[in-house]
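Single-structure report; data block below.
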Amino acid sequence: MPESQISRQDLIEEARRVLGSLGEGTMSECAYDTAWVARIPNPSRPEEPLFPASYDWLLKNKQPDG
């Protein structure tokens, strides 16, 4: 059975839908999850992250061992 391909735009829209459904709740800072969010590109400028604060958090909290 062939695997279905999911477009980049579909992934971005799904991420927006999921993030939008979170409302005003709180989330703990987890480097793994933050890294996934930081990978989402800005649709207007794909070379930049859509959520630059998550990228900045990773840079600020990176430990010498990775």
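Convention: chains lettered A, B, ... in structure tokens order; per-chain residue numbering from 1; ligands numbered from 1 as shown.
Neighbours of Trp57 of chain A closer than or equal to 10 Å, with only C-alpha atoms counted and sequence neighbours fewer than 2 positions away skipped, come out as Glu29, Ala31, Thr34, Ala35, Ala38, Pro52, Ala53, Ser54, Tyr55, Leu59, Lys60, Asn61 and Lys62 of chain A.
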Those residues you just picked out, can you put them in a file as a compact mmCIF listing (two decimals), in the first residue's frame with all heavy atoms?
```
# COMPACT_ATOMS: atom_id res chain seq x y z
N GLU A 29 8.54 23.98 30.18
CA GLU A 29 9.62 24.12 29.23
C GLU A 29 10.32 22.77 29.09
O GLU A 29 10.89 22.26 30.04
CB GLU A 29 10.60 25.18 29.68
CG GLU A 29 9.97 26.56 29.74
CD GLU A 29 10.88 27.56 30.41
OE1 GLU A 29 11.78 27.16 31.16
OE2 GLU A 29 10.68 28.75 30.19
N ALA A 31 13.02 20.94 26.46
CA ALA A 31 13.90 21.23 25.32
C ALA A 31 13.49 20.44 24.07
O ALA A 31 13.52 20.98 22.96
CB ALA A 31 15.34 20.93 25.70
N THR A 34 10.31 22.02 22.65
CA THR A 34 10.65 23.37 22.19
C THR A 34 11.43 23.29 20.88
O THR A 34 11.22 24.10 19.98
CB THR A 34 11.46 24.12 23.26
OG1 THR A 34 10.69 24.15 24.47
CG2 THR A 34 11.75 25.55 22.83
N ALA A 35 12.30 22.30 20.75
CA ALA A 35 13.07 22.14 19.52
C ALA A 35 12.15 21.85 18.33
O ALA A 35 12.38 22.36 17.23
CB ALA A 35 14.09 21.03 19.69
N ALA A 38 10.54 25.08 17.40
CA ALA A 38 11.52 25.99 16.80
C ALA A 38 11.80 25.64 15.34
O ALA A 38 12.24 26.50 14.57
CB ALA A 38 12.81 25.96 17.61
N PRO A 52 10.30 32.55 16.86
CA PRO A 52 11.69 32.85 17.20
C PRO A 52 11.99 32.76 18.70
O PRO A 52 13.11 32.46 19.09
CB PRO A 52 11.93 34.25 16.67
CG PRO A 52 10.59 34.82 16.39
CD PRO A 52 9.65 33.67 16.20
N ALA A 53 11.00 32.98 19.54
CA ALA A 53 11.23 32.90 20.99
C ALA A 53 11.62 31.48 21.40
O ALA A 53 12.44 31.29 22.31
CB ALA A 53 10.00 33.36 21.76
N SER A 54 11.06 30.47 20.72
CA SER A 54 11.43 29.10 21.06
C SER A 54 12.87 28.81 20.64
O SER A 54 13.62 28.14 21.36
CB SER A 54 10.47 28.10 20.41
OG SER A 54 10.51 28.20 19.01
N TYR A 55 13.29 29.34 19.50
CA TYR A 55 14.67 29.19 19.05
C TYR A 55 15.62 29.89 20.02
O TYR A 55 16.65 29.33 20.42
CB TYR A 55 14.79 29.78 17.64
CG TYR A 55 16.12 29.53 16.99
CD1 TYR A 55 16.41 28.30 16.41
CD2 TYR A 55 17.09 30.52 16.94
CE1 TYR A 55 17.63 28.07 15.81
CE2 TYR A 55 18.30 30.30 16.33
CZ TYR A 55 18.56 29.07 15.77
OH TYR A 55 19.78 28.85 15.18
N LEU A 59 18.78 28.35 22.42
CA LEU A 59 20.14 28.88 22.44
C LEU A 59 20.57 29.29 23.85
O LEU A 59 21.69 29.03 24.28
CB LEU A 59 20.28 30.06 21.49
CG LEU A 59 20.14 29.72 20.00
CD1 LEU A 59 20.17 31.00 19.18
CD2 LEU A 59 21.24 28.77 19.56
N LYS A 60 19.64 29.89 24.57
CA LYS A 60 19.94 30.37 25.93
C LYS A 60 20.12 29.21 26.91
O LYS A 60 20.94 29.29 27.84
CB LYS A 60 18.79 31.26 26.41
CG LYS A 60 18.97 31.83 27.78
CD LYS A 60 17.79 32.70 28.16
CE LYS A 60 17.90 33.14 29.60
NZ LYS A 60 16.72 33.86 30.03
N ASN A 61 19.40 28.12 26.72
CA ASN A 61 19.40 27.02 27.69
C ASN A 61 20.22 25.80 27.27
O ASN A 61 20.20 24.79 27.96
CB ASN A 61 17.96 26.60 27.97
CG ASN A 61 17.21 27.67 28.72
OD1 ASN A 61 17.38 27.83 29.92
ND2 ASN A 61 16.41 28.45 28.01
N LYS A 62 20.92 25.90 26.16
CA LYS A 62 21.72 24.76 25.69
C LYS A 62 22.84 24.48 26.70
O LYS A 62 23.53 25.38 27.15
CB LYS A 62 22.32 25.06 24.32
CG LYS A 62 23.09 23.87 23.77
CD LYS A 62 23.74 24.22 22.46
CE LYS A 62 24.56 23.09 21.92
NZ LYS A 62 25.48 22.48 22.85
```
Task: Residue neighbourhood segment 49-51 of chain A, 9 Å, only C-alpha atoms, exclusion window fewer than 6 positions, as a ChimeraX atom specification - done: /A:37-43
N, CA, C and O atoms of the current selection, written as a tab-separated table (two decimals), in the first residue's frame:
```tsv
chain	number	residue	atom	x	y	z
A	37	VAL	N	9.03	22.83	18.00
A	37	VAL	CA	8.33	24.08	17.68
A	37	VAL	C	9.29	25.04	16.97
A	37	VAL	O	8.91	25.72	16.01
A	38	ALA	N	10.54	25.08	17.40
A	38	ALA	CA	11.52	25.99	16.80
A	38	ALA	C	11.80	25.64	15.34
A	38	ALA	O	12.24	26.50	14.57
A	39	ARG	N	11.55	24.41	14.94
A	39	ARG	CA	11.81	23.98	13.56
A	39	ARG	C	10.77	24.47	12.57
A	39	ARG	O	10.99	24.40	11.36
A	40	ILE	N	9.64	24.95	13.03
A	40	ILE	CA	8.57	25.37	12.12
A	40	ILE	C	9.00	26.67	11.43
A	40	ILE	O	9.23	27.68	12.10
A	41	PRO	N	9.10	26.66	10.10
A	41	PRO	CA	9.53	27.88	9.39
A	41	PRO	C	8.41	28.89	9.24
A	41	PRO	O	7.23	28.55	9.20
A	42	ASN	N	8.80	30.13	9.15
A	42	ASN	CA	7.87	31.22	8.89
A	42	ASN	C	7.44	31.10	7.42
A	42	ASN	O	8.28	31.09	6.53
A	43	PRO	N	6.14	30.98	7.13
A	43	PRO	CA	5.70	30.83	5.75
A	43	PRO	C	6.11	32.01	4.86
A	43	PRO	O	6.37	31.83	3.68
```
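Take atom CA of Asp56 of chain A and atom CA of Arg16 of chain A: the distance between them is 19.7 Å.
Distances to Ile12 of chain A were evaluated for A:Pro46, A:Asp33, A:Asp65, A:Leu58 using only C-alpha atoms, and the minimum falls at A:Pro46.
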